Structure formats: structure tokens, C-alpha cells
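Listing of start-v6.cif; format and content: mmCIF, C-alpha atoms and all ligand atoms.
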data_model
loop_
_atom_site.label_atom_id
_atom_site.label_comp_id
_atom_site.auth_asym_id
_atom_site.auth_seq_id
_atom_site.Cartn_x
_atom_site.Cartn_y
_atom_site.Cartn_z
CA MET A 1 58.18 134.70 116.33
CA PRO A 2 58.55 131.07 117.51
CA ASP A 3 55.77 129.88 115.18
CA GLU A 4 57.94 130.63 112.18
CA LEU A 5 60.80 128.56 113.54
CA VAL A 6 60.40 125.03 112.25
CA SER A 7 63.83 123.42 112.68
CA ALA A 8 66.81 123.40 115.01
CA ALA A 9 68.64 125.45 112.38
CA ASP A 10 65.93 128.12 112.53
CA TYR A 11 66.37 128.32 116.29
CA GLU A 12 70.13 128.63 115.89
CA LEU A 13 69.70 131.68 113.65
CA ALA A 14 67.08 133.22 115.91
CA ALA A 15 69.21 132.65 119.03
CA ALA A 16 72.13 134.47 117.44
CA GLU A 17 69.86 137.52 117.15
CA VAL A 18 68.90 137.62 120.81
CA MET A 19 71.93 136.36 122.75
CA GLU A 20 74.54 138.57 124.39
CA ALA A 21 77.74 138.45 122.29
CA GLY A 22 79.86 136.73 124.93
CA ALA A 23 77.24 134.13 125.79
CA LEU A 24 76.75 133.41 122.09
CA ALA A 25 80.50 133.03 121.57
CA TYR A 26 80.66 130.64 124.52
CA TYR A 27 77.72 128.53 123.36
CA ALA A 28 78.31 128.51 119.62
CA GLY A 29 82.08 128.27 119.61
CA GLY A 30 84.43 125.34 119.24
CA ALA A 31 88.15 124.84 119.61
CA ALA A 32 90.75 126.50 117.39
CA ASP A 33 89.78 126.36 113.69
CA GLU A 34 86.48 124.68 114.56
CA ILE A 35 87.11 121.87 112.07
CA THR A 36 85.72 119.27 114.47
CA LEU A 37 82.82 121.56 115.41
CA ARG A 38 81.72 121.65 111.76
CA ASP A 39 82.50 118.00 111.13
CA ASN A 40 80.25 116.92 113.99
CA VAL A 41 77.30 118.01 111.89
CA ALA A 42 78.80 116.99 108.54
CA ALA A 43 79.59 113.45 109.73
CA TRP A 44 75.90 112.52 110.09
CA ALA A 45 75.30 113.81 106.57
CA ARG A 46 78.01 111.45 105.27
CA LEU A 47 75.67 108.57 106.05
CA ALA A 48 72.81 107.69 103.73
CA ILE A 49 69.68 105.91 104.91
CA ARG A 50 68.61 102.72 103.15
CA PRO A 51 64.87 102.75 103.64
CA ARG A 52 62.50 99.79 103.58
CA VAL A 53 58.84 100.02 102.61
CA LEU A 54 55.50 98.31 103.27
CA ASP A 55 56.54 96.97 106.67
CA GLY A 56 54.08 98.36 109.16
CA ALA A 57 55.15 101.98 109.37
CA GLY A 58 51.68 102.99 110.49
CA ILE A 59 52.50 102.37 114.13
CA ARG A 60 55.83 103.69 115.38
CA ASP A 61 57.58 103.12 118.66
CA PRO A 62 60.38 105.57 119.42
CA GLY A 63 60.89 104.00 122.87
CA VAL A 64 64.25 102.71 124.09
CA THR A 65 65.63 101.22 127.30
CA ILE A 66 68.36 103.34 128.87
CA LEU A 67 70.21 102.01 131.93
CA GLY A 68 67.40 99.57 132.53
CA ARG A 69 64.65 102.18 132.39
CA GLU A 70 62.07 102.36 129.64
CA ARG A 71 62.13 105.78 128.05
CA ALA A 72 59.65 107.25 125.60
CA HIS A 73 62.41 108.20 123.16
CA PRO A 74 66.21 108.27 122.85
CA LEU A 75 66.87 112.01 123.37
CA ILE A 76 68.84 113.25 126.39
CA ILE A 77 69.73 116.88 127.00
CA ALA A 78 73.53 117.16 127.07
CA PRO A 79 75.14 118.85 130.06
CA MET A 80 75.87 122.48 129.25
CA ALA A 81 77.39 124.86 131.77
CA PHE A 82 76.01 128.27 132.72
CA GLN A 83 72.56 128.15 131.18
CA GLY A 84 71.77 131.27 133.20
CA LEU A 85 73.76 133.11 130.54
CA VAL A 86 71.27 131.96 127.92
CA HIS A 87 68.03 132.81 129.70
CA GLY A 88 67.05 134.26 133.07
CA GLU A 89 65.52 130.97 134.21
CA GLY A 90 68.51 128.97 133.00
CA GLU A 91 68.55 125.27 133.83
CA ILE A 92 65.16 125.45 135.53
CA ALA A 93 63.57 126.35 132.19
CA THR A 94 65.49 123.57 130.46
CA ALA A 95 64.25 121.15 133.12
CA ARG A 96 60.66 122.19 132.46
CA ALA A 97 61.18 121.48 128.77
CA ALA A 98 62.66 118.10 129.68
CA GLU A 99 59.73 117.30 131.94
CA ALA A 100 57.18 118.29 129.28
CA THR A 101 58.77 116.06 126.66
CA GLY A 102 59.81 113.10 128.82
CA THR A 103 63.44 113.85 128.10
CA THR A 104 66.21 113.10 130.58
CA MET A 105 68.23 116.21 131.38
CA CYS A 106 71.88 115.96 132.34
CA LEU A 107 72.77 118.83 134.68
CA SER A 108 76.32 120.21 134.45
CA THR A 109 78.68 120.49 137.41
CA PHE A 110 79.01 124.12 136.29
CA ALA A 111 75.29 124.78 136.25
CA THR A 112 73.85 128.07 137.48
CA VAL A 113 71.57 126.15 139.87
CA THR A 114 72.43 123.49 142.42
CA PRO A 115 71.31 119.90 141.81
CA ALA A 116 69.03 120.16 144.85
CA ARG A 117 67.29 123.33 143.71
CA LEU A 118 66.59 121.98 140.25
CA ALA A 119 65.13 118.81 141.73
CA GLN A 120 62.94 120.81 144.10
CA GLN A 121 61.71 123.23 141.42
CA VAL A 122 61.03 120.64 138.72
CA PRO A 123 60.64 117.31 140.52
CA GLY A 124 59.12 115.66 137.45
CA CYS A 125 62.21 116.18 135.33
CA PRO A 126 64.07 112.90 134.71
CA ARG A 127 67.64 113.83 135.56
CA TRP A 128 71.28 112.79 135.47
CA PHE A 129 74.20 114.68 136.96
CA GLN A 130 77.39 115.45 135.04
CA VAL A 131 80.51 115.24 137.15
CA TYR A 132 83.70 117.15 136.62
CA VAL A 133 86.04 115.75 139.22
CA LEU A 134 87.45 118.94 140.68
CA ALA A 135 90.85 119.45 142.20
CA ASP A 136 88.78 120.24 145.30
CA ARG A 137 87.64 116.64 145.76
CA GLY A 138 85.53 117.55 148.78
CA LEU A 139 83.41 119.88 146.66
CA SER A 140 82.96 117.16 144.02
CA ARG A 141 81.94 114.65 146.67
CA ASN A 142 79.36 117.08 148.08
CA LEU A 143 77.84 117.74 144.66
CA VAL A 144 77.64 114.03 143.88
CA ALA A 145 76.05 113.28 147.26
CA GLN A 146 73.54 116.07 146.73
CA ALA A 147 72.64 114.78 143.27
CA VAL A 148 72.20 111.20 144.47
CA GLU A 149 70.08 112.37 147.38
CA HIS A 150 67.86 114.38 145.03
CA GLY A 151 66.93 111.69 142.57
CA TYR A 152 69.53 112.02 139.83
CA GLU A 153 69.48 108.60 138.20
CA ALA A 154 73.05 108.46 136.86
CA LEU A 155 76.42 110.17 137.11
CA VAL A 156 78.08 111.19 133.87
CA VAL A 157 81.78 111.72 134.48
CA THR A 158 83.31 113.92 131.82
CA VAL A 159 86.89 112.92 131.07
CA ASP A 160 87.80 115.02 128.03
CA LEU A 161 88.53 118.22 129.89
CA PRO A 162 91.72 117.80 131.93
CA VAL A 163 92.49 121.24 130.53
CA VAL A 164 90.29 123.56 128.51
CA GLY A 165 90.64 123.59 124.71
CA VAL A 166 91.82 126.56 122.69
CA ARG A 167 88.69 128.70 122.62
CA GLU A 168 89.31 131.71 120.45
CA ARG A 169 85.74 132.98 120.31
CA GLU A 170 85.76 133.20 124.10
CA LEU A 171 88.98 135.18 124.03
CA ARG A 172 87.52 137.60 121.51
CA TYR A 173 84.14 137.98 123.21
CA PRO A 174 84.28 137.62 127.00
CA VAL A 175 80.91 137.13 128.66
CA GLU A 176 79.28 140.18 130.16
CA ALA A 177 78.21 139.06 133.62
CA PRO A 178 74.48 139.74 133.98
CA GLY A 179 73.82 142.77 136.17
CA THR A 180 77.38 143.67 137.11
CA GLY A 181 78.75 144.71 133.71
CA GLY A 182 81.93 142.81 134.58
CA LYS A 183 83.52 140.52 132.00
CA PHE A 184 84.64 136.95 132.41
CA MET A 185 85.66 133.94 130.37
CA PRO A 186 83.77 130.76 131.28
CA MET A 187 86.73 128.65 130.18
CA HIS A 188 88.64 129.75 133.28
CA LEU A 189 86.30 127.65 135.40
CA GLY A 190 87.79 124.64 133.68
CA GLU A 191 90.89 125.32 135.73
CA ALA A 192 89.01 123.92 138.73
CA VAL A 193 88.93 120.47 137.07
CA ASP A 194 91.47 117.92 138.30
CA ALA A 195 93.87 117.31 135.39
CA GLN A 196 95.32 114.31 137.27
CA LEU A 197 92.18 112.19 137.03
CA ARG A 198 92.91 108.54 136.16
CA TRP A 199 91.01 105.31 135.48
CA GLU A 200 91.46 104.25 139.11
CA ASP A 201 89.40 107.30 140.11
CA ILE A 202 86.59 106.20 137.80
CA GLU A 203 86.72 102.73 139.33
CA HIS A 204 86.54 104.18 142.81
CA LEU A 205 83.64 106.46 141.92
CA ALA A 206 81.75 103.63 140.22
CA ALA A 207 82.29 101.34 143.20
CA GLU A 208 81.01 103.95 145.64
CA SER A 209 78.11 105.23 143.57
CA PRO A 210 74.59 103.96 144.25
CA VAL A 211 73.62 105.01 140.70
CA PRO A 212 75.20 103.98 137.38
CA VAL A 213 78.30 105.84 136.24
CA LEU A 214 78.83 106.76 132.60
CA VAL A 215 82.09 108.05 131.18
CA LYS A 216 81.63 110.95 128.76
CA GLY A 217 84.24 111.95 126.23
CA ILE A 218 85.34 108.60 124.76
CA LEU A 219 86.46 108.43 121.11
CA THR A 220 88.36 105.13 120.87
CA ALA A 221 87.57 101.46 121.33
CA ASP A 222 90.57 101.09 123.65
CA ASP A 223 89.28 103.72 126.08
CA ALA A 224 85.78 102.27 125.89
CA ARG A 225 87.22 98.87 126.94
CA LEU A 226 89.01 100.55 129.84
CA ALA A 227 85.74 102.19 130.88
CA ALA A 228 84.14 98.73 130.97
CA GLU A 229 87.04 97.29 132.93
CA HIS A 230 86.83 100.09 135.49
CA GLY A 231 83.17 99.69 136.37
CA ALA A 232 81.38 102.12 134.08
CA ALA A 233 77.82 101.27 133.08
CA GLY A 234 78.15 103.16 129.84
CA VAL A 235 80.08 105.61 127.75
CA VAL A 236 79.15 108.75 125.90
CA VAL A 237 81.03 108.87 122.63
CA SER A 238 81.71 112.59 122.41
CA ASN A 239 84.24 115.21 121.49
CA HIS A 240 82.61 117.76 123.78
CA GLY A 241 80.82 119.49 120.94
CA GLY A 242 84.10 120.25 119.16
CA ARG A 243 85.17 122.48 122.02
CA GLN A 244 88.22 120.62 123.28
CA LEU A 245 90.77 119.26 120.79
CA ASP A 246 90.24 120.51 117.27
CA THR A 247 90.56 117.95 114.45
CA VAL A 248 89.64 114.97 116.63
CA LEU A 249 87.11 112.70 114.96
CA SER A 250 83.37 113.12 115.26
CA GLY A 251 81.14 111.09 117.51
CA ALA A 252 79.45 109.65 114.42
CA ASP A 253 82.78 108.37 113.10
CA ALA A 254 83.97 107.07 116.47
CA LEU A 255 80.72 105.32 117.35
CA PRO A 256 80.96 102.09 115.28
CA GLY A 257 84.35 101.13 116.72
CA VAL A 258 83.18 101.74 120.27
CA VAL A 259 79.98 99.76 119.74
CA GLU A 260 81.96 96.88 118.29
CA ALA A 261 84.34 96.87 121.26
CA VAL A 262 81.91 97.24 124.16
CA GLY A 263 78.37 97.29 122.78
CA ASP A 264 77.57 93.97 124.44
CA ARG A 265 78.82 95.13 127.86
CA LEU A 266 78.09 98.86 128.08
CA GLU A 267 75.39 101.26 127.07
CA VAL A 268 76.86 103.39 124.36
CA LEU A 269 75.53 106.92 123.90
CA VAL A 270 76.73 109.49 121.41
CA ASP A 271 76.59 113.25 121.03
CA GLY A 272 77.79 116.04 118.77
CA GLY A 273 76.03 117.60 115.82
CA ILE A 274 72.62 115.98 116.30
CA ARG A 275 70.39 118.50 114.52
CA ARG A 276 67.74 116.39 112.77
CA GLY A 277 65.55 113.41 113.49
CA THR A 278 67.48 111.56 110.77
CA ASP A 279 70.68 112.10 112.81
CA VAL A 280 69.01 110.39 115.77
CA LEU A 281 67.97 107.50 113.55
CA LYS A 282 71.52 107.13 112.21
CA ALA A 283 73.02 107.16 115.70
CA LEU A 284 70.72 104.36 116.81
CA ALA A 285 71.34 102.40 113.61
CA LEU A 286 75.08 102.58 114.39
CA GLY A 287 74.38 101.04 117.77
CA ALA A 288 73.89 103.97 120.15
CA ARG A 289 71.30 103.42 122.84
CA ALA A 290 70.49 107.12 123.05
CA VAL A 291 71.79 110.49 121.89
CA MET A 292 72.62 113.67 123.74
CA VAL A 293 71.57 116.96 122.21
CA GLY A 294 73.41 120.10 123.27
CA ARG A 295 73.30 123.43 121.49
CA PRO A 296 69.89 123.11 119.81
CA VAL A 297 68.27 123.02 123.25
CA ALA A 298 70.23 126.11 124.25
CA TRP A 299 69.05 127.93 121.12
CA GLY A 300 65.46 127.15 122.03
CA LEU A 301 66.09 128.35 125.57
CA ALA A 302 67.57 131.60 124.28
CA VAL A 303 64.66 132.32 121.95
CA ASP A 304 61.75 131.47 124.22
CA GLY A 305 62.82 130.02 127.57
CA ALA A 306 61.22 126.74 128.60
CA ASP A 307 58.74 126.91 125.70
CA GLY A 308 61.53 127.37 123.17
CA ALA A 309 63.60 124.50 124.55
CA ARG A 310 60.49 122.32 124.62
CA ARG A 311 59.66 123.20 121.02
CA VAL A 312 63.16 122.32 119.80
CA LEU A 313 62.85 118.92 121.48
CA GLU A 314 59.38 118.45 120.01
CA LEU A 315 60.65 119.31 116.53
CA LEU A 316 63.45 116.76 116.82
CA LEU A 317 61.03 114.12 118.11
CA ALA A 318 58.55 114.81 115.32
CA GLU A 319 61.34 114.52 112.75
CA PHE A 320 62.51 111.29 114.37
CA ASP A 321 59.00 109.89 114.12
CA VAL A 322 58.83 110.72 110.41
CA ALA A 323 62.30 109.22 109.92
CA LEU A 324 61.25 105.96 111.58
CA ALA A 325 58.16 105.75 109.40
CA LEU A 326 59.88 106.58 106.13
CA ALA A 327 62.95 104.44 106.79
CA GLY A 328 60.59 101.55 107.45
CA ALA A 329 61.93 101.03 110.96
CA PRO A 330 58.82 101.42 113.08
CA ARG A 331 60.59 100.41 116.30
CA ALA A 332 63.55 102.56 117.34
CA ALA A 333 65.00 99.72 119.38
CA GLU A 334 65.26 97.57 116.27
CA LEU A 335 67.35 99.95 114.18
CA ASP A 336 70.64 98.49 112.98
CA ALA A 337 73.41 99.04 110.45
CA ARG A 338 71.37 97.54 107.61
CA PHE A 339 69.57 100.89 107.43
CA LEU A 340 72.79 102.77 106.58
CA MET A 341 75.48 103.06 103.94
CA PRO A 342 78.25 105.57 103.27
CA ALA A 343 76.55 108.45 101.49
CA PRO A 344 77.28 108.42 97.76
CA TRP A 345 77.41 112.21 97.82
CA ALA A 346 80.08 112.36 100.57
C1 LIG B 401 78.06 125.98 126.03
C2 LIG B 401 78.40 124.55 126.28
C3 LIG B 401 78.74 124.15 127.55
C4 LIG B 401 79.07 122.83 127.80
N1 LIG B 401 79.33 122.45 129.09
C5 LIG B 401 79.57 121.16 129.35
C6 LIG B 401 79.73 120.72 130.68
O1 LIG B 401 79.63 121.50 131.62
N2 LIG B 401 80.00 119.41 130.89
C7 LIG B 401 80.10 118.50 129.86
O2 LIG B 401 80.33 117.33 130.10
N3 LIG B 401 79.92 118.89 128.59
C8 LIG B 401 79.65 120.18 128.31
N4 LIG B 401 79.42 120.57 127.02
C9 LIG B 401 79.44 119.56 125.94
C10 LIG B 401 78.05 118.96 125.74
O3 LIG B 401 77.67 118.18 126.84
C11 LIG B 401 77.97 118.05 124.51
O4 LIG B 401 79.01 117.10 124.54
C12 LIG B 401 78.02 118.79 123.19
O5 LIG B 401 77.55 120.10 123.30
C13 LIG B 401 77.19 118.02 122.18
O6 LIG B 401 77.28 118.60 120.94
P1 LIG B 401 76.14 119.54 120.28
O7 LIG B 401 76.17 120.82 121.03
O8 LIG B 401 76.65 119.64 118.89
O9 LIG B 401 74.81 118.83 120.37
C14 LIG B 401 79.08 121.90 126.75
C15 LIG B 401 78.72 122.30 125.46
C16 LIG B 401 78.38 123.60 125.22
C17 LIG B 401 77.95 124.00 123.84
#
Starting from the file, lay out its structure as C-alpha cells.
Ligand SMILES: Cc1cc2nc3c(=O)[nH]c(=O)nc-3n(C[C@H](O)[C@H](O)[C@H](O)COP(=O)(O)O)c2cc1C
Amino acid sequence: MPDELVSAADYELAAAEVMEAGALAYYAGGAADEITLRDNVAAWARLAIRPRVLDGAGIRDPGVTILGRERAHPLIIAPMAFQGLVHGEGEIATARAAEATGTTMCLSTFATVTPARLAQQVPGCPRWFQVYVLADRGLSRNLVAQAVEHGYEALVVTVDLPVVGVRERELRYPVEAPGTGGKFMPMHLGEAVDAQLRWEDIEHLAAESPVPVLVKGILTADDARLAAEHGAAGVVVSNHGGRQLDTVLSGADALPGVVEAVGDRLEVLVDGGIRRGTDVLKALALGARAVMVGRPVAWGLAVDGADGARRVLELLLAEFDVALALAGAPRAAELDARFLMPAPWA
């Protein structure tokens, strides 16, 4: 079957065929009316590419520098909780796909493996750790220490989940716990997150951390400036895949303002609705250093484990390569706003 799947969209359809109803609802769903969920994808399509020709497209360089490290390309796997619900090998399979494609994987606090185990099983996977600061601060501290000890190169503190969004698909289709037949709603785990988190906590974490700290879930220039003032090395412009507050703006629409405010001080990443290589190109042209990709990787994982996740990443990278060539921007690091305009069809 996988040979017939030639795009992230193909994998999305195929995953819906094979996933358990509750797991699918959890992965595919967004908050409330899912307006933001849909707009995350639509927002990239509201940008048109202004291509240049005859400027050395024969040799492309998709490489970028992220947090001072040279990376082969700008894709990062977004943190997604409970990948064991998607495939028996869960995050370990995702890590193998990351390793095979030179992609950094960001492991969720709510992963179905510990940071240590993932590092031991797939030591060649470039990895970051996503931090939910839990009400149980001791548990958070232990997880962070474990991640740092096991070679995670950055901490990504997610700040857009003081409470869990209105998740109606999860209410309608609780997850069937593998093996036990019991039902549960993943969103209840969000109750473990400390809703009292403040900027001072970020500052403290950044000061203590031996690795760079990024703040994930920023949508305004003002908050991006605060992240800079409180010691963050970067921000991830994100609305949590449309899963938190419905009708907030998309990452694509929030990105230019954040880049303008802090682009000279912080590394700005973006996520939400990246489904095509052209979306990656647009994100970089708007000033993002790298992009996080969430659900498409999960769809690959659902369809064919590590091979499926790897293939989805390869498809996106191949599309990105074509986009660089045909936009006349052979070097990813040199993309800028001159390559974009508001789409006339939008
Ligand atoms: C099933 C699922 C679980 C997620 N779990 C987390 C998480 O544990 N921590 C986090 O920071 N973001 C989490 N996210 C948000 C993603 O990191 C990312 O922001 C979003 O999925 C990107 O949008 P995309 O799926 O459209 O690519 C989750 C997203 C999904 C779909």
C-alpha cells in the first residue's frame, strides 16, 4: 500500500482507515469548531510564491543553522503525546524515522517512552525535549534532568496549555486503551500541567538549563519580546495544531510580526498546517529558521511504523527540494520575503 501514497494528504487518508477511532479523534481533532485547525493549512495557501529563474537552481542547499548547529534541512518533528496509540513502537519508530532523515525529533513530556529509553534505543536520533511544567514540579525537574543527561539538545517549554482546549472529538470518541479495553480521554492528562506558570518560571528554567530553552506556543510580538527578555533562545510560533483556543490566528499569520519583533535576537520556529514542501519554503521566506511538522508524521507512523514516518518526511523533503529549485532559491538559508506575496486567489 505505501507505494501508492505520494503526499502527506495521502497518508492522512490512509491513516484514517487504520487507526482506532479514539486515537484518530485525538490526533486529527482540534478545538471547538476547528476553525483554527482548518485555517492552519489554509493560511499557507493564502501566500503565493514569486519565483525567480535562471539563477543556479541546479545545485540546491536545503541546509539551515538551528541553535548554532548545522542541520541538513529545516524540518523538526513536533512533540506529540502518546504515539503508542498510533503504532505499537510509538516514539521509538518516530525516532528511527528522524534518524534516517537527519530530522530533529522533539519528544513530548507525555510520550509513551521515557527520554532515557528513547535515547538508548535510537542514539543517533537528533533530539529535543518538550517540557510541560507540571504542578508536580519535582517530576518535571526529573524529566528535564533525564533529558539533559541523555543528549537532548534543547528544551521546548510549551506555554499554550495552562488548561486543555475544548476537544469535542475526544469527548465523542474516547481512546480505547490498548490491551485493557478500558476507555480514557488523553486531554485529562493536561490537568497535570501547572496553570500558574509565569515568565519568571521560564527565566528560572533558562538560567538553570545547560541547553537552550525555546518557548512554544507564542502568537504575538509582545509575548515573543517577553520570551527574549526572560532568557529564551527561541520561540515556536504555534497554536498547538488548532487544539487549544479555537479562532486564534494561524502560525503563518502570526509569524511575520514575531520575526519583526525578535528575529534579530531569537531563533523563530513555526508550526501548524505544514503539509507541503512549498509550506516549508514559505515559512522560511517569512523568517522562520525551521518548521515543526506534527500530524503528517503521525499519519506515516500509523500507516507503516518507522518506514511510514520516514517516507512522509522524505516526501516533504523532496517537495521542498523541488520548491527551492523552481522558486529560484537554491539556498534555503537565503530565502526571504521577496519570494512571497499575498495570493491573488485568497
Ligand atoms: C495528537 C497531538 C498531540 C500533541 N501533543 C503535544 C504535546 O505533548 N506537547 C506539545 O507541545 N504539543 C503537542 N501537540 C502540538 C504539536 O506539537 C504541534 O504544535 C502541532 O501539531 C503542529 O501542527 P500540525 O499537526 O498541523 O503539523 C500535539 C499535537 C497533536 C496533533
Length of the CA of Glu91 (chain A) to CA of Ala16 (chain A) vector [Å]: 19.1 Å
Gap from CA of Thr101 (chain A) to CA of Arg311 (chain A) - Å, one decimal: 9.1 Å
Report, as JSON, the axis-aligned box around all atoms of ligand LIG 401 (chain B) present in the file, extended by 4 Å on each side; give centre and edge lengths in Å to one decimal place.
{"center_x": 77.6, "center_y": 121.5, "center_z": 125.3, "size_x": 13.5, "size_y": 16.9, "size_z": 20.7}
Hey, what's within 10 Å of Glu260 (chain A) if we count all atoms listed in the file and toss same-chain stuff fewer than 6 positions away? As a compact mmCIF listing (two decimals) with C-alpha atoms, keeping the file's coordinate frame, please?
# COMPACT_ATOMS: atom_id res chain seq x y z
CA ALA A 221 87.57 101.46 121.33
CA LEU A 286 75.08 102.58 114.39
CA GLY A 287 74.38 101.04 117.77
7 Å shell around ligand LIG 401 (chain B) using all atoms listed in the file, listed as a ChimeraX atom specification: /A:26-28,40,78-81,108-110,130,158,216,238-241,271-274,292-296
Distance criterion (all atoms listed in the file): nearest to Met105 (chain A) out of A:Glu153, A:Asp246, A:Glu267, A:Asp222: A:Glu153
CA of Ala298 (chain A) to CA of Ile77 (chain A), straight-line distance in Å: 9.6 Å
Exercise: Gly300 (chain A) partners within 12 Å, only C-alpha atoms, chain neighbours under 5 positions left out, as a PyMOL selection string: chain A and resi 1-2+5-16+18-19+83+86-87+90+93-94+97+293-295+305-316
Surrounding residues of region 332-341 of chain A excluding itself and chain neighbours under 3 positions, 10 Å, only C-alpha atoms, as a VMD selection string: chain A and resid 46 to 52 60 to 65 73 to 74 256 280 to 290 320 to 321 324 327 to 329 344
Give me a file of those residues, with C-alpha atoms, as a short mmCIF file (atom, residue, chain, number, x, y, z; two decimals), in the frame of the given file.
data_model
loop_
_atom_site.label_atom_id
_atom_site.label_comp_id
_atom_site.auth_asym_id
_atom_site.auth_seq_id
_atom_site.Cartn_x
_atom_site.Cartn_y
_atom_site.Cartn_z
CA ARG A 46 78.01 111.45 105.27
CA LEU A 47 75.67 108.57 106.05
CA ALA A 48 72.81 107.69 103.73
CA ILE A 49 69.68 105.91 104.91
CA ARG A 50 68.61 102.72 103.15
CA PRO A 51 64.87 102.75 103.64
CA ARG A 52 62.50 99.79 103.58
CA ARG A 60 55.83 103.69 115.38
CA ASP A 61 57.58 103.12 118.66
CA PRO A 62 60.38 105.57 119.42
CA GLY A 63 60.89 104.00 122.87
CA VAL A 64 64.25 102.71 124.09
CA THR A 65 65.63 101.22 127.30
CA HIS A 73 62.41 108.20 123.16
CA PRO A 74 66.21 108.27 122.85
CA PRO A 256 80.96 102.09 115.28
CA VAL A 280 69.01 110.39 115.77
CA LEU A 281 67.97 107.50 113.55
CA LYS A 282 71.52 107.13 112.21
CA ALA A 283 73.02 107.16 115.70
CA LEU A 284 70.72 104.36 116.81
CA ALA A 285 71.34 102.40 113.61
CA LEU A 286 75.08 102.58 114.39
CA GLY A 287 74.38 101.04 117.77
CA ALA A 288 73.89 103.97 120.15
CA ARG A 289 71.30 103.42 122.84
CA ALA A 290 70.49 107.12 123.05
CA PHE A 320 62.51 111.29 114.37
CA ASP A 321 59.00 109.89 114.12
CA LEU A 324 61.25 105.96 111.58
CA ALA A 327 62.95 104.44 106.79
CA GLY A 328 60.59 101.55 107.45
CA ALA A 329 61.93 101.03 110.96
CA PRO A 344 77.28 108.42 97.76
#
Residue nearest Leu67 (chain A) among A:Ala43, A:Pro330, A:Leu214, A:Gly30 (counting all atoms listed in the file):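 Closest candidate: A:Leu214.
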Nearest candidate to His188 (chain A) (options A:Ala116, A:Val215, A:Val175, A:Val236; using only C-alpha atoms):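 Residue with the minimum atom-to-atom distance to His188 (chain A): A:Val175.
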All residues 10 Å or closer to Val248 (chain A), only C-alpha atoms, same chain fewer than 2 positions away omitted, as an NGL selection string: :A and (35-37 or 39-40 or 219 or 239 or 242 or 244-246 or 250-251 or 254)
Of the listed residues A:Pro123, A:Gly88, A:Pro115, A:Gly56, that which approaches Ala100 (chain A) most closely, counting only C-alpha atoms: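 So, comparing all the options, the nearest one is A:Pro123.
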Contacts of Leu205 (chain A) within 12 Å, all atoms listed in the file, excl. fewer than 3 positions in-chain, as a PyMOL selection string: chain A and resi 131-133+137+140-141+144-145+154-157+197-202+208-215+230-233
Residue nearest Val259 (chain A) among A:Val291, A:Ala224, A:Val53, A:Val166 (counting all atoms listed in the file):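 Looking only at the distances to Val259 (chain A), the closest residue turns out to be A:Ala224.
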Supply region 101-107 of chain A as a short mmCIF file (atom, residue, chain, number, x, y, z; two decimals), keeping the file's coordinate frame, with all heavy atoms built in where the input has gaps.
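What landed in rebuild_8.cif:
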data_model
loop_
_atom_site.label_atom_id
_atom_site.label_comp_id
_atom_site.auth_asym_id
_atom_site.auth_seq_id
_atom_site.Cartn_x
_atom_site.Cartn_y
_atom_site.Cartn_z
N THR A 101 58.55 116.93 127.81
CA THR A 101 58.77 116.06 126.66
C THR A 101 59.28 114.67 127.07
O THR A 101 59.64 113.86 126.21
CB THR A 101 59.82 116.69 125.71
OG1 THR A 101 61.00 117.01 126.47
CG2 THR A 101 59.29 117.94 125.05
N GLY A 102 59.33 114.40 128.36
CA GLY A 102 59.81 113.10 128.82
C GLY A 102 61.27 112.86 128.47
O GLY A 102 61.69 111.73 128.21
N THR A 103 62.03 113.94 128.47
CA THR A 103 63.44 113.85 128.10
C THR A 103 64.29 113.88 129.37
O THR A 103 64.03 114.68 130.26
CB THR A 103 63.84 115.07 127.23
OG1 THR A 103 62.91 115.18 126.15
CG2 THR A 103 65.25 114.93 126.68
N THR A 104 65.29 113.02 129.44
CA THR A 104 66.21 113.10 130.58
C THR A 104 67.12 114.29 130.37
O THR A 104 67.63 114.53 129.27
CB THR A 104 67.05 111.82 130.68
OG1 THR A 104 66.18 110.71 130.94
CG2 THR A 104 68.09 111.92 131.80
N MET A 105 67.32 115.07 131.44
CA MET A 105 68.23 116.21 131.38
C MET A 105 69.46 115.89 132.19
O MET A 105 69.37 115.43 133.33
CB MET A 105 67.56 117.45 131.97
CG MET A 105 68.51 118.62 132.19
SD MET A 105 67.63 120.04 132.85
CE MET A 105 69.00 121.20 133.04
N CYS A 106 70.63 116.14 131.61
CA CYS A 106 71.88 115.96 132.34
C CYS A 106 72.35 117.33 132.80
O CYS A 106 72.67 118.19 131.98
CB CYS A 106 72.92 115.27 131.46
SG CYS A 106 74.40 114.80 132.36
N LEU A 107 72.38 117.53 134.11
CA LEU A 107 72.77 118.83 134.68
C LEU A 107 74.28 118.90 134.81
O LEU A 107 74.91 117.98 135.31
CB LEU A 107 72.12 119.00 136.06
CG LEU A 107 72.36 120.34 136.74
CD1 LEU A 107 71.55 121.45 136.07
CD2 LEU A 107 72.02 120.28 138.24
#
